[in-house]
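Chemist: Got structure08.cif for you, mmCIF, C-alpha atoms (C1' of nucleotides):
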```
data_structure
#
loop_
_atom_site.label_atom_id
_atom_site.label_comp_id
_atom_site.auth_asym_id
_atom_site.auth_seq_id
_atom_site.Cartn_x
_atom_site.Cartn_y
_atom_site.Cartn_z
CA MET A 1 10.56 16.92 -15.22
CA PRO A 2 6.94 16.62 -14.04
CA SER A 3 5.78 19.24 -11.55
CA SER A 4 5.37 18.30 -7.91
CA LEU A 5 1.66 19.01 -8.14
CA ASP A 6 1.37 16.57 -11.04
CA LEU A 7 3.23 13.99 -8.99
CA ILE A 8 0.95 14.52 -5.99
CA GLU A 9 -2.09 14.08 -8.20
CA ARG A 10 -0.68 10.92 -9.75
CA ILE A 11 0.32 9.40 -6.40
CA GLY A 12 -3.14 10.22 -5.09
CA GLN A 13 -4.63 8.51 -8.12
CA LEU A 14 -2.60 5.36 -7.53
CA ILE A 15 -3.60 5.23 -3.85
CA ARG A 16 -7.23 5.50 -4.94
CA PHE A 17 -6.76 2.75 -7.54
CA GLU A 18 -5.42 0.43 -4.87
CA GLN A 19 -8.33 1.36 -2.65
CA ARG A 20 -10.70 0.63 -5.49
CA GLU A 21 -9.16 -2.80 -6.02
CA ILE A 22 -9.53 -3.63 -2.36
CA GLY A 23 -13.04 -2.16 -2.42
CA VAL A 24 -14.12 -4.43 -5.24
CA ARG A 25 -13.24 -7.44 -3.13
CA GLU A 26 -15.21 -6.03 -0.18
CA ASP A 27 -18.01 -4.76 -2.45
CA LEU A 28 -17.32 -1.16 -1.45
CA HIS A 29 -17.00 1.90 -3.69
CA PRO A 30 -14.13 4.36 -3.18
CA ILE A 31 -16.54 6.82 -1.60
CA HIS A 32 -17.52 4.19 0.97
CA ILE A 33 -13.91 3.66 1.95
CA GLN A 34 -13.37 7.40 2.20
CA VAL A 35 -16.39 7.71 4.47
CA LEU A 36 -15.13 4.97 6.77
CA GLN A 37 -11.62 6.46 6.88
CA TYR A 38 -13.01 9.88 7.70
CA LEU A 39 -15.22 8.59 10.50
CA ASP A 40 -12.21 6.81 11.95
CA LYS A 41 -10.22 10.05 12.08
CA CYS A 42 -12.82 12.64 13.08
CA ASN A 43 -13.86 13.87 16.52
CA ARG A 44 -17.29 13.74 18.15
CA TYR A 45 -18.35 17.10 16.69
CA SER A 46 -17.59 15.99 13.16
CA ASP A 47 -19.16 12.54 12.70
CA THR A 48 -22.31 13.83 11.04
CA PRO A 49 -23.57 13.66 7.45
CA LEU A 50 -23.07 17.39 7.03
CA ALA A 51 -19.44 17.28 8.16
CA LEU A 52 -18.88 14.37 5.81
CA SER A 53 -20.29 16.30 2.90
CA HIS A 54 -17.91 19.19 3.64
CA TYR A 55 -14.93 16.87 3.94
CA LEU A 56 -15.70 14.89 0.79
CA GLY A 57 -16.81 17.88 -1.24
CA SER A 58 -20.23 16.57 -2.15
CA THR A 59 -23.81 17.40 -1.25
CA LYS A 60 -25.89 16.30 1.72
CA GLY A 61 -28.18 14.33 -0.55
CA THR A 62 -25.35 12.31 -2.04
CA ILE A 63 -23.84 11.56 1.34
CA SER A 64 -27.25 10.54 2.65
CA GLN A 65 -27.42 7.89 -0.06
CA SER A 66 -23.94 6.56 0.68
CA ILE A 67 -24.78 6.36 4.38
CA LEU A 68 -27.88 4.34 3.57
CA VAL A 69 -25.74 1.82 1.68
CA LEU A 70 -23.15 1.60 4.47
CA GLU A 71 -25.90 1.14 7.04
CA LYS A 72 -27.39 -1.70 5.04
CA LYS A 73 -23.95 -3.33 4.96
CA GLN A 74 -23.76 -2.93 8.75
CA LEU A 75 -20.60 -0.83 8.57
CA ILE A 76 -21.98 2.24 10.31
CA LYS A 77 -24.71 2.96 12.83
CA LYS A 78 -26.72 6.13 13.28
CA VAL A 79 -26.90 7.51 16.82
CA PRO A 80 -29.21 10.48 17.46
CA ASP A 81 -27.69 13.50 19.16
CA ASN A 82 -29.16 13.97 22.63
CA LYS A 83 -29.10 17.75 22.51
CA ASP A 84 -30.13 18.59 18.97
CA LYS A 85 -32.79 16.25 17.67
CA ARG A 86 -32.03 17.13 14.06
CA VAL A 87 -28.49 15.79 14.29
CA VAL A 88 -27.32 12.19 13.92
CA HIS A 89 -23.86 10.84 14.69
CA LEU A 90 -22.30 8.13 12.56
CA LYS A 91 -20.44 5.39 14.39
CA LEU A 92 -18.22 2.72 12.90
CA THR A 93 -19.14 -0.88 13.69
CA PRO A 94 -16.48 -3.46 14.62
CA LYS A 95 -16.94 -4.89 11.12
CA ALA A 96 -15.98 -1.51 9.64
CA LYS A 97 -12.88 -1.29 11.81
CA LYS A 98 -11.75 -4.66 10.52
CA VAL A 99 -12.18 -3.49 6.94
CA LEU A 100 -10.17 -0.33 7.66
CA LEU A 101 -7.38 -2.36 9.19
CA LYS A 102 -7.22 -4.56 6.12
CA ILE A 103 -7.04 -1.54 3.81
CA ASP A 104 -4.35 0.10 5.89
CA GLU A 105 -2.25 -3.02 5.93
CA GLN A 106 -2.48 -3.47 2.21
CA ILE A 107 -1.83 0.10 1.15
CA PHE A 108 0.58 1.44 3.71
CA THR A 109 2.36 -1.71 4.74
CA ASP A 110 5.47 -0.95 2.70
CA ASP A 111 7.20 1.77 4.60
CA LEU A 112 7.43 3.99 1.58
CA LEU A 113 8.99 6.85 3.52
CA ASP A 114 11.47 4.95 5.66
CA LYS A 115 14.23 5.02 3.11
CA TYR A 116 14.67 8.79 3.26
CA SER A 117 16.61 10.68 5.89
CA ASP A 118 14.77 12.43 8.71
CA HIS A 119 15.86 15.71 7.21
CA VAL A 120 14.35 14.93 3.79
CA ASN A 121 11.16 13.54 5.32
CA ASN A 122 10.83 16.66 7.40
CA THR A 123 11.31 19.00 4.46
CA VAL A 124 8.80 17.09 2.35
CA ASN A 125 6.26 16.95 5.17
CA LYS A 126 6.48 20.66 5.94
CA THR A 127 6.19 21.62 2.29
CA LEU A 128 3.19 19.37 1.79
CA GLN A 129 1.51 20.83 4.87
CA SER A 130 2.07 24.30 3.55
CA ILE A 131 0.73 23.42 0.09
CA LEU A 132 -2.34 21.87 1.71
CA LYS A 133 -2.94 24.98 3.81
CA ASP A 134 -2.61 27.22 0.75
CA LEU A 135 -5.10 25.10 -1.18
CA GLN A 136 -7.53 25.12 1.73
CA THR A 137 -7.45 28.85 2.32
CA ARG A 138 -7.48 29.64 -1.39
CA ASN A 139 -11.01 28.41 -1.93
CA ASN A 140 -12.32 28.78 1.59
CA HIS A 141 -12.20 25.05 2.19
CA ARG A 142 -12.46 23.96 5.76
CA THR A 143 -9.09 22.85 7.08
CA PHE A 144 -10.15 19.68 8.94
CA GLY A 145 -7.00 19.88 11.06
CA GLN A 146 -6.22 18.10 14.31
CA CYS A 147 -8.01 19.46 17.36
CA SER A 148 -4.78 20.35 19.15
CA SER A 149 -3.68 22.67 16.32
CA CYS A 150 -6.91 24.70 16.42
CA ARG A 151 -7.23 28.26 17.64
CA PHE A 152 -10.11 27.23 19.90
CA PHE A 153 -7.98 24.58 21.64
CA THR A 154 -6.87 25.37 25.19
CA LYS A 155 -4.70 23.48 27.63
CA GLU A 156 -5.83 23.99 31.20
CA GLY A 157 -3.35 21.82 33.01
CA GLU A 158 -1.64 18.43 33.04
CA ASN A 159 -3.86 16.25 30.79
CA LYS A 160 -6.71 18.79 30.95
CA TYR A 161 -7.85 20.23 27.66
CA ARG A 162 -10.89 22.17 26.49
CA CYS A 163 -12.52 23.26 23.22
CA GLY A 164 -13.07 27.02 23.35
CA LEU A 165 -15.89 26.84 20.84
CA THR A 166 -18.13 24.36 22.65
CA SER A 167 -16.55 25.00 26.09
CA GLU A 168 -16.48 21.25 26.61
CA PRO A 169 -13.55 19.33 28.12
CA LEU A 170 -11.53 17.08 25.82
CA LYS A 171 -9.92 13.74 26.48
CA LEU A 172 -6.26 13.37 25.50
CA GLU A 173 -7.07 11.02 22.63
CA GLU A 174 -9.61 13.46 21.27
CA THR A 175 -7.03 16.19 20.78
CA VAL A 176 -5.47 14.39 17.81
CA LYS A 177 -8.74 13.83 15.96
CA ILE A 178 -9.72 16.03 13.00
CA CYS A 179 -12.55 18.53 13.40
CA LEU A 180 -15.08 20.17 11.12
CA GLU A 181 -14.75 23.45 13.02
CA HIS A 182 -10.97 23.47 12.95
CA GLU A 183 -9.34 26.82 12.34
CA PRO A 184 -5.54 27.14 12.25
CA SER A 185 -4.16 28.70 15.42
CA LYS A 186 -2.17 31.45 13.70
CA MET B 1 1.76 15.39 12.73
CA PRO B 2 -0.05 13.82 9.77
CA SER B 3 2.02 11.51 7.57
CA SER B 4 3.22 12.71 4.19
CA LEU B 5 1.13 10.04 2.51
CA ASP B 6 -1.98 11.35 4.25
CA LEU B 7 -1.10 14.85 3.11
CA ILE B 8 -0.62 13.72 -0.47
CA GLU B 9 -3.98 12.00 -0.41
CA ARG B 10 -5.68 15.07 1.03
CA ILE B 11 -4.05 17.47 -1.44
CA GLY B 12 -5.07 15.14 -4.24
CA GLN B 13 -8.61 15.17 -2.86
CA LEU B 14 -8.73 18.96 -2.82
CA ILE B 15 -7.45 19.20 -6.38
CA ARG B 16 -10.20 16.80 -7.43
CA PHE B 17 -12.83 18.82 -5.53
CA GLU B 18 -11.81 21.94 -7.39
CA GLN B 19 -11.94 19.98 -10.63
CA ARG B 20 -15.40 18.74 -9.73
CA GLU B 21 -16.61 22.28 -9.06
CA ILE B 22 -15.32 23.43 -12.43
CA GLY B 23 -16.74 20.30 -14.01
CA VAL B 24 -20.23 20.97 -12.67
CA ARG B 25 -20.20 24.33 -14.45
CA GLU B 26 -19.10 22.65 -17.69
CA ASP B 27 -21.39 19.67 -17.12
CA LEU B 28 -18.43 17.28 -16.91
CA HIS B 29 -17.74 14.54 -14.36
CA PRO B 30 -14.30 14.22 -12.78
CA ILE B 31 -13.59 11.20 -14.95
CA HIS B 32 -14.27 13.27 -18.06
CA ILE B 33 -11.77 15.89 -16.99
CA GLN B 34 -9.21 13.20 -16.22
CA VAL B 35 -9.72 11.71 -19.68
CA LEU B 36 -9.19 15.07 -21.36
CA GLN B 37 -6.09 15.80 -19.27
CA TYR B 38 -4.62 12.42 -20.09
CA LEU B 39 -5.22 12.79 -23.82
CA ASP B 40 -3.51 16.17 -23.68
CA LYS B 41 -0.39 14.65 -22.13
CA CYS B 42 -0.07 11.29 -23.91
CA ASN B 43 1.82 10.39 -27.08
CA ARG B 44 0.48 8.91 -30.29
CA TYR B 45 0.87 5.32 -29.11
CA SER B 46 -1.18 5.98 -26.00
CA ASP B 47 -4.32 7.83 -27.07
CA THR B 48 -6.51 4.72 -27.22
CA PRO B 49 -9.37 3.50 -25.00
CA LEU B 50 -7.21 0.66 -23.71
CA ALA B 51 -4.36 2.95 -22.67
CA LEU B 52 -6.89 5.20 -20.96
CA SER B 53 -8.30 2.28 -19.00
CA HIS B 54 -4.78 1.37 -17.81
CA TYR B 55 -4.02 4.95 -16.81
CA LEU B 56 -7.30 5.56 -15.03
CA GLY B 57 -7.45 2.13 -13.44
CA SER B 58 -10.84 1.13 -14.79
CA THR B 59 -12.16 -1.33 -17.33
CA LYS B 60 -12.48 -1.02 -21.08
CA GLY B 61 -16.25 -1.07 -20.84
CA THR B 62 -16.38 1.85 -18.45
CA ILE B 63 -13.99 3.93 -20.54
CA SER B 64 -16.01 3.10 -23.64
CA GLN B 65 -19.04 4.67 -21.98
CA SER B 66 -17.19 7.81 -20.94
CA ILE B 67 -15.82 8.20 -24.45
CA LEU B 68 -19.33 7.98 -25.83
CA VAL B 69 -20.39 10.85 -23.58
CA LEU B 70 -17.37 12.98 -24.47
CA GLU B 71 -17.97 12.33 -28.16
CA LYS B 72 -21.58 13.45 -27.85
CA LYS B 73 -20.36 16.64 -26.20
CA GLN B 74 -17.95 17.13 -29.12
CA LEU B 75 -14.89 17.13 -26.86
CA ILE B 76 -13.10 14.21 -28.51
CA LYS B 77 -13.06 12.62 -31.95
CA LYS B 78 -12.33 9.03 -32.84
CA VAL B 79 -9.77 8.46 -35.60
CA PRO B 80 -9.25 4.91 -36.83
CA ASP B 81 -5.68 3.59 -36.87
CA ASN B 82 -4.48 3.04 -40.39
CA LYS B 83 -2.40 -0.02 -39.61
CA ASP B 84 -4.52 -1.94 -37.10
CA LYS B 85 -8.19 -1.73 -37.94
CA ARG B 86 -9.21 -2.70 -34.40
CA VAL B 87 -7.58 0.39 -32.89
CA VAL B 88 -9.03 3.90 -32.61
CA HIS B 89 -7.16 7.03 -31.58
CA LEU B 90 -8.86 9.67 -29.47
CA LYS B 91 -8.18 13.27 -30.44
CA LEU B 92 -9.08 16.38 -28.47
CA THR B 93 -11.21 18.95 -30.29
CA PRO B 94 -10.46 22.69 -30.05
CA LYS B 95 -13.43 22.94 -27.68
CA ALA B 96 -11.75 20.43 -25.33
CA LYS B 97 -8.48 22.36 -25.39
CA LYS B 98 -10.35 25.48 -24.33
CA VAL B 99 -11.90 23.62 -21.41
CA LEU B 100 -8.49 22.28 -20.34
CA LEU B 101 -7.02 25.76 -20.46
CA LYS B 102 -9.79 27.06 -18.23
CA ILE B 103 -9.24 24.28 -15.69
CA ASP B 104 -5.50 24.80 -15.67
CA GLU B 105 -5.87 28.51 -15.11
CA GLN B 106 -8.29 28.04 -12.26
CA ILE B 107 -6.45 25.29 -10.41
CA PHE B 108 -2.79 25.99 -11.01
CA THR B 109 -2.83 29.74 -11.45
CA ASP B 110 -1.48 30.41 -7.97
CA ASP B 111 2.14 29.47 -8.12
CA LEU B 112 1.87 27.26 -5.10
CA LEU B 113 5.47 26.14 -5.30
CA ASP B 114 7.18 29.43 -6.08
CA LYS B 115 7.58 30.41 -2.47
CA TYR B 116 10.01 27.62 -1.66
CA SER B 117 13.71 27.61 -2.42
CA ASP B 118 15.02 25.68 -5.39
CA HIS B 119 16.68 23.33 -2.97
CA VAL B 120 13.45 22.53 -1.13
CA ASN B 121 11.50 22.19 -4.37
CA ASN B 122 14.13 19.85 -5.69
CA THR B 123 14.12 17.67 -2.59
CA VAL B 124 10.33 17.45 -2.58
CA ASN B 125 10.16 16.70 -6.28
CA LYS B 126 12.76 13.95 -6.14
CA THR B 127 11.13 12.33 -3.13
CA LEU B 128 7.70 12.41 -4.75
CA GLN B 129 9.11 10.87 -7.93
CA SER B 130 10.66 8.12 -5.90
CA ILE B 131 7.45 7.45 -3.98
CA LEU B 132 5.52 7.34 -7.24
CA LYS B 133 7.99 4.87 -8.72
CA ASP B 134 7.75 2.64 -5.64
CA LEU B 135 3.96 2.67 -5.79
CA GLN B 136 4.01 1.85 -9.49
CA THR B 137 6.44 -1.04 -9.24
CA ARG B 138 4.81 -2.37 -6.09
CA ASN B 139 1.60 -3.39 -7.84
CA ASN B 140 2.93 -3.76 -11.36
CA HIS B 141 1.28 -0.54 -12.45
CA ARG B 142 2.46 0.87 -15.72
CA THR B 143 4.70 3.87 -15.18
CA PHE B 144 3.28 6.23 -17.83
CA GLY B 145 6.52 8.20 -17.82
CA GLN B 146 7.78 10.68 -20.36
CA CYS B 147 9.06 9.17 -23.60
CA SER B 148 12.57 10.58 -23.13
CA SER B 149 13.03 8.75 -19.81
CA CYS B 150 12.15 5.35 -21.30
CA ARG B 151 14.57 2.50 -21.81
CA PHE B 152 13.41 2.22 -25.44
CA PHE B 153 14.24 5.85 -26.18
CA THR B 154 17.29 6.51 -28.35
CA LYS B 155 18.95 9.70 -29.51
CA GLU B 156 20.46 9.34 -32.97
CA GLY B 157 21.82 12.82 -33.47
CA GLU B 158 21.03 16.50 -33.17
CA ASN B 159 17.21 16.62 -32.90
CA LYS B 160 16.91 13.04 -34.14
CA TYR B 161 15.17 10.60 -31.80
CA ARG B 162 13.69 7.13 -32.18
CA CYS B 163 11.50 4.73 -30.20
CA GLY B 164 13.31 1.40 -29.92
CA LEU B 165 10.04 -0.47 -29.43
CA THR B 166 8.25 0.67 -32.58
CA SER B 167 11.46 1.66 -34.42
CA GLU B 168 9.71 4.85 -35.46
CA PRO B 169 11.34 8.30 -35.45
CA LEU B 170 10.11 10.81 -32.86
CA LYS B 171 9.64 14.54 -33.10
CA LEU B 172 11.22 16.66 -30.37
CA GLU B 173 7.86 17.58 -28.86
CA GLU B 174 6.87 13.93 -28.71
CA THR B 175 9.74 13.05 -26.42
CA VAL B 176 8.10 14.79 -23.44
CA LYS B 177 4.72 13.09 -23.82
CA ILE B 178 3.73 10.21 -21.56
CA CYS B 179 3.53 6.71 -23.00
CA LEU B 180 1.61 3.54 -22.22
CA GLU B 181 4.65 1.42 -23.02
CA HIS B 182 7.03 3.47 -20.89
CA GLU B 183 9.60 1.52 -18.90
CA PRO B 184 12.13 3.34 -16.70
CA SER B 185 15.59 3.42 -18.26
CA LYS B 186 17.39 1.96 -15.27
"C1'" DT C 1 -2.33 -21.87 -44.58
"C1'" DC C 2 -5.95 -21.68 -41.84
"C1'" DA C 3 -8.07 -22.80 -37.45
"C1'" DA C 4 -7.36 -21.53 -32.68
"C1'" DT C 5 -6.52 -17.89 -29.90
"C1'" DA C 6 -5.47 -13.16 -28.56
"C1'" DT C 7 -6.56 -8.40 -28.72
"C1'" DA C 8 -9.32 -3.78 -29.30
"C1'" DG C 9 -13.32 -2.08 -28.66
"C1'" DT C 10 -18.69 -2.06 -27.97
"C1'" DA C 11 -23.29 -3.18 -25.80
"C1'" DT C 12 -26.03 -4.27 -21.93
"C1'" DC C 13 -27.22 -5.01 -17.09
"C1'" DG C 14 -27.91 -3.64 -12.22
"C1'" DA C 15 -26.30 -1.24 -8.20
"C1'" DG C 16 -24.58 2.88 -6.95
"C1'" DT C 17 -22.87 8.00 -7.44
"C1'" DC C 18 -23.90 12.63 -7.98
"C1'" DG C 19 -26.14 17.37 -8.11
"C1'" DA C 20 -30.44 19.58 -7.89
"C1'" DA C 21 -34.62 20.37 -6.01
"C1'" DA C 22 -38.39 19.62 -3.01
"C1'" DC C 23 -39.38 17.95 1.35
"C1'" DT C 24 -39.76 17.09 6.87
"C1'" DA C 25 -38.47 18.12 11.37
"C1'" DT C 26 -36.22 20.71 14.74
"C1'" DA C 27 -33.66 25.20 16.32
"C1'" DT C 28 -32.78 29.87 16.39
"C1'" DT C 29 -33.81 34.66 15.85
"C1'" DG C 30 -36.10 38.94 16.25
"C1'" DC D 1 -44.43 33.03 18.34
"C1'" DA D 2 -43.82 33.77 13.46
"C1'" DA D 3 -40.08 33.92 10.17
"C1'" DT D 4 -36.09 31.87 9.05
"C1'" DA D 5 -32.14 28.81 9.40
"C1'" DT D 6 -30.32 24.29 9.79
"C1'" DA D 7 -29.84 18.91 9.61
"C1'" DG D 8 -31.11 15.41 7.22
"C1'" DT D 9 -34.10 12.60 3.68
"C1'" DT D 10 -36.27 11.61 -0.67
"C1'" DT D 11 -36.70 11.60 -5.55
"C1'" DC D 12 -35.21 12.38 -10.26
"C1'" DG D 13 -32.28 11.70 -14.36
"C1'" DA D 14 -27.72 11.28 -16.28
"C1'" DC D 15 -23.71 8.95 -15.50
"C1'" DT D 16 -20.08 5.60 -13.40
"C1'" DC D 17 -18.49 1.18 -12.77
"C1'" DG D 18 -17.57 -3.92 -12.91
"C1'" DA D 19 -19.11 -7.98 -15.05
"C1'" DT D 20 -20.32 -10.35 -18.91
"C1'" DA D 21 -21.24 -11.33 -23.49
"C1'" DC D 22 -20.43 -9.73 -27.88
"C1'" DT D 23 -18.15 -8.20 -32.78
"C1'" DA D 24 -14.27 -7.49 -35.56
"C1'" DT D 25 -9.56 -7.77 -36.63
"C1'" DA D 26 -4.60 -9.73 -35.72
"C1'" DT D 27 -1.48 -13.07 -34.46
"C1'" DT D 28 -0.08 -17.82 -33.62
"C1'" DG D 29 1.35 -22.21 -34.50
"C1'" DA D 30 0.45 -27.03 -36.07
#
```
Show me the file's structure as C-alpha cells.
Modeler:
Amino acid sequence: MPSSLDLIERIGQLIRFEQREIGVREDLHPIHIQVLQYLDKCNRYSDTPLALSHYLGSTKGTISQSILVLEKKQLIKKVPDNKDKRVVHLKLTPKAKKVLLKIDEQIFTDDLLDKYSDHVNNTVNKTLQSILKDLQTRNNHRTFGQCSSCRFFTKEGENKYRCGLTSEPLKLEETVKICLEHEPSK
Amino acid sequence: MPSSLDLIERIGQLIRFEQREIGVREDLHPIHIQVLQYLDKCNRYSDTPLALSHYLGSTKGTISQSILVLEKKQLIKKVPDNKDKRVVHLKLTPKAKKVLLKIDEQIFTDDLLDKYSDHVNNTVNKTLQSILKDLQTRNNHRTFGQCSSCRFFTKEGENKYRCGLTSEPLKLEETVKICLEHEPSK
DNA sequence: TCAATATAGTATCGAGTCGAAACTATATTG
DNA sequence: CAATATAGTTTCGACTCGATACTATATTGA
C-alpha cells in the first residue's frame, strides 16, 4: 500500500499536469497559473512580489521575471503602494479572472469529495490540515493561513474586525483571505 | 475552512519546495529529482524515456533533454533493450541511490503520520487512493499502480508470479514496483 | 514479402524558468 | 544623517518545455 504522503504527492502532480494542459492552451506556464491563483486568494498585505516569492518558494528575481511576462499578457497590473514607495501591489485584471474561472471549472468541476460521508471528509480534512501545519513549522515556512485564524486577528464587534499587526480595520470578506504575516492563533 | 483538494495541492507544493532546496545543494532541478524517484520505484517494463514522459506529464523531447543532463552528471546509465533495438532502459547509478537516500531522510524523516490512530490513517489513505483513481480515470491518465494490483497480474503458486501481458515470470520484489502498463484489477 | 505506417528516441529552436549576484531606490535605525 | 535594511529590477548562464523535424527500428497488411 502506498503511503499517504506518496498519494498526496501524486495527486498534486496530477492537478499540476491538468493545469499545465490548460496552460498550454492559454499560453501560460504552471508558475503563471500559480501566481494568478495566489493573487486571487491573498489579502491586501500579501499581493507583492516578495510575498509571492515566499509563497512559491522561489527568489525575488525569478518572480520579477514571471511578473513581467504576466504584465505583458495583461493579466496583472502593478499598483504602487501609497505609503511605502518601494512596494508595489499586484492586481488581477478582468482577463485574469476569466482565466482563473476557466481553470477552476475544468479542474474542480467533478465534485471529487462529494461521494464521501461528512464524517470521512472531516477526518481527511483535519488530518491534512495537521500535516500541512507540521510541514510548515518544520522548516520555518510561513503558514499563509486565512486572516481570521491568525493570532493578530481581533473581533471588535458585530462585523467589526481588526488586524493587530497593522492596527487597520478589516472588511468581512478580507478575513477569509490568506496572509503573508499569518501566524497560527495557538 | 480550506478544501481538502487545496490542502493536498499546498502540501504537495511544500514537499516540492523542500525537494528544490535539497536539489539546489546537489545542483539538481526538481524534474531531475522526480526522474530519479520514478526510476527507483518503477519496474523493468517502465524504466524508459517514454514511460517517464507519461508519468511526468511532459513530452519525449523534454525528457530526452533531462536524461542527457542526468547522464552527464553520472546519475543514470542507458542500457539498450536486447529485444527491441529502439528501446533504452534507464538505470540508476550508486551515486543516484545515495542522493535519493539523502532526500528521503531529509523530507520524510519526521514520521508525520505516526501521531494519528490506525483508524484515521486508514480512512485518510483510502480516501486519497480513491481521489487519485478518480483523477486518473477522469482524464485517461495512466494509473502507474503497483504490479500486484494490476489486472494482468497472476499468482501461480508459492512465490511464483507472472505478468499476463508479457507472459513473463516476476520476482517477488518486482510485484511491488509501479508499472506503465498498470490497469486496476476491478 | 516488402512497402506503408507506427513507434522509440534524438536534435534543434525560441520563450521562459530559475538561482545567484549586482544593482537602484526608498525606509529604518542608532 | 550615516549605516544598514528592505523591496524590487536587471543580467547571466544552465536548464525546462512544447513544437517540430529527424533517425532508426518494428509492425502491419495488401
Chemist: Starting from the PyMOL selection byres ((chain B and resi 97-105) around 8), expand the selection into actual residues of this file and give them as a PyMOL selection string.
Modeler: chain B and resi 19+22+33+36-37+92-96+106-109
Chemist: Evaluated on this file, the PyMOL selection byres ((chain A and resi 43) around 8) picks out some residues - which ones are they, written as a PDB file with C-alpha atoms, in the coordinates of the input?
Modeler:
```
ATOM      1  CA  LYS A  41     -10.220  10.050  12.080  1.00  0.00           C
ATOM      2  CA  CYS A  42     -12.820  12.640  13.080  1.00  0.00           C
ATOM      3  CA  ARG A  44     -17.290  13.740  18.150  1.00  0.00           C
ATOM      4  CA  TYR A  45     -18.350  17.100  16.690  1.00  0.00           C
ATOM      5  CA  SER A  46     -17.590  15.990  13.160  1.00  0.00           C
ATOM      6  CA  ASP A  47     -19.160  12.540  12.700  1.00  0.00           C
ATOM      7  CA  GLU A 174      -9.610  13.460  21.270  1.00  0.00           C
ATOM      8  CA  LYS A 177      -8.740  13.830  15.960  1.00  0.00           C
ATOM      9  CA  ILE A 178      -9.720  16.030  13.000  1.00  0.00           C
ATOM     10  CA  CYS A 179     -12.550  18.530  13.400  1.00  0.00           C
TER      11      CYS A 179
END
```
Chemist: Could you write out as a PDB file with C-alpha atoms, in the frame of the given file the residues that the PyMOL selection byres ((chain B) within 7 of (chain D)) matches in the shown file?
Modeler:
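Produced file selection_2.pdb, reproduced below:
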```pdb
ATOM      1  CA  THR B  62     -16.380   1.850 -18.450  1.00  0.00           C
ATOM      2  CA  LYS B  85      -8.190  -1.730 -37.940  1.00  0.00           C
ATOM      3  CA  ARG B  86      -9.210  -2.700 -34.400  1.00  0.00           C
TER       4      ARG B  86
END
```
Chemist: Between atom CA of A:Leu28 and atom CA of A:Val87, what is the distance, to one decimal in Å?
Modeler: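 That distance, rounded to one decimal, is 25.7 Å.
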Chemist: Between atom CA of B:Val120 and atom CA of A:His119, what is the spacing in Å?
Modeler: 11.0 Å
Chemist: Once you count all atoms listed in the file, which residues of chain A turn out to be within 9 Å of chain C? Could you give them as a PyMOL selection string?
Modeler: chain A and resi 29+31+58-59+61-62+65-66+69+84-86
Chemist: List as CSV every residue of chain A that is in contact with chain B, defined as an atom at most 10 Å from one of its atoms (using all atoms listed in the file), together with the nearest atom pair and the distance in Å rounded to one decimal, sorted by chain and then rising number.
Modeler:
```
residue,atom,partner,partner_atom,distance
A:Met1,CA,B:Gln146,CA,8.5
A:Pro2,CA,B:Asn125,CA,8.4
A:Ser3,CA,B:Asn125,CA,7.3
A:Ser4,CA,B:Asn125,CA,5.3
A:Leu5,CA,B:Leu113,CA,8.6
A:Asp6,CA,B:Gly12,CA,9.5
A:Leu7,CA,B:Leu128,CA,6.4
A:Ile8,CA,B:Ile8,CA,5.8
A:Glu9,CA,B:Gly12,CA,5.1
A:Arg10,CA,B:Leu132,CA,7.6
A:Ile11,CA,B:Leu132,CA,5.7
A:Gly12,CA,B:Glu9,CA,5.1
A:Gln13,CA,B:Gly12,CA,7.7
A:Leu14,CA,B:Leu135,CA,7.3
A:Ile15,CA,B:Glu9,CA,7.6
A:Arg16,CA,B:Glu9,CA,8.6
A:Phe17,CA,B:Gly57,CA,6.0
A:Glu18,CA,B:Asn139,CA,8.5
A:Arg20,CA,B:Gly57,CA,8.7
A:Glu21,CA,B:Gly57,CA,9.1
A:Tyr55,CA,B:Leu14,CA,9.4
A:Leu56,CA,B:Phe17,CA,8.0
A:Gly57,CA,B:Phe17,CA,5.9
A:Ser58,CA,B:Phe17,CA,8.4
A:Ile107,CA,B:Leu135,CA,9.4
A:Phe108,CA,B:Leu5,CA,8.7
A:Asp110,CA,B:Arg138,CA,8.9
A:Leu112,CA,B:Ile131,CA,6.5
A:Leu113,CA,B:Ile131,CA,7.7
A:Tyr116,CA,B:Thr127,CA,8.1
A:Val120,CA,B:Thr123,CA,6.9
A:Asn121,CA,B:Ser4,CA,8.1
A:Asn122,CA,B:Ser4,CA,9.2
A:Thr123,CA,B:Val120,CA,6.9
A:Val124,CA,B:Val124,CA,5.2
A:Asn125,CA,B:Ser4,CA,5.3
A:Lys126,CA,B:Ser4,CA,8.8
A:Thr127,CA,B:Val124,CA,7.6
A:Leu128,CA,B:Leu7,CA,6.4
A:Gln129,CA,B:Leu7,CA,6.8
A:Ser130,CA,B:Leu112,CA,9.1
A:Ile131,CA,B:Leu112,CA,6.6
A:Leu132,CA,B:Ile11,CA,5.7
A:Lys133,CA,B:Ile11,CA,9.2
A:Asp134,CA,B:Leu112,CA,7.4
A:Leu135,CA,B:Leu14,CA,7.3
A:Gln136,CA,B:Leu14,CA,7.8
A:Arg138,CA,B:Asp110,CA,8.9
A:Asn139,CA,B:Glu18,CA,8.5
A:His141,CA,B:Leu14,CA,8.6
A:Gly145,CA,B:Pro2,CA,9.3
A:Gln146,CA,B:Met1,CA,8.6
A:Ser149,CA,B:Met1,CA,9.8
A:Val176,CA,B:Met1,CA,8.9
```
Chemist: For atom CA of B:His54 and atom CA of B:Cys163, quote the distance in Å rounded to one decimal.
Modeler: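 One can read the atom CA of B:His54 to atom CA of B:Cys163 distance as 20.7 Å.
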Chemist: Using all atoms listed in the file, list the residues that have an atom at most 9 Å from (-6.7, 30.6, 9.1), coordinates as in the file, as JSON, numbers by chain.
Modeler: {"A": [133, 137, 143, 151, 183, 184, 185, 186]}
Chemist: Give me the box for stretch 16-30 of chain B as AutoDock Vina command-line options, namely the centre and edge lengths in Å to one decimal of a box along x, y and z that holds every listed atom plus 4 Å on each side.
Modeler:
```
--center_x -15.8 --center_y 19.3 --center_z -11.6 --size_x 19.2 --size_y 18.1 --size_z 20.2
```
Chemist: When you look at A:Lys77 with a cut-off of 9 Å (counting only C-alpha atoms (C1' of nucleotides)), what residues show up, excluding the ones that are within fewer than 4 positions of it in the same chain? I need them as a short mmCIF file (atom, residue, chain, number, x, y, z; two decimals) with C-alpha atoms, keeping the file's coordinate frame.
Modeler:
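result.cif was written with the following content:
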```cif
data_model
loop_
_atom_site.label_atom_id
_atom_site.label_comp_id
_atom_site.auth_asym_id
_atom_site.auth_seq_id
_atom_site.Cartn_x
_atom_site.Cartn_y
_atom_site.Cartn_z
CA LEU A 70 -23.15 1.60 4.47
CA GLU A 71 -25.90 1.14 7.04
CA HIS A 89 -23.86 10.84 14.69
CA LEU A 90 -22.30 8.13 12.56
CA LYS A 91 -20.44 5.39 14.39
CA LEU A 92 -18.22 2.72 12.90
CA THR A 93 -19.14 -0.88 13.69
#
```
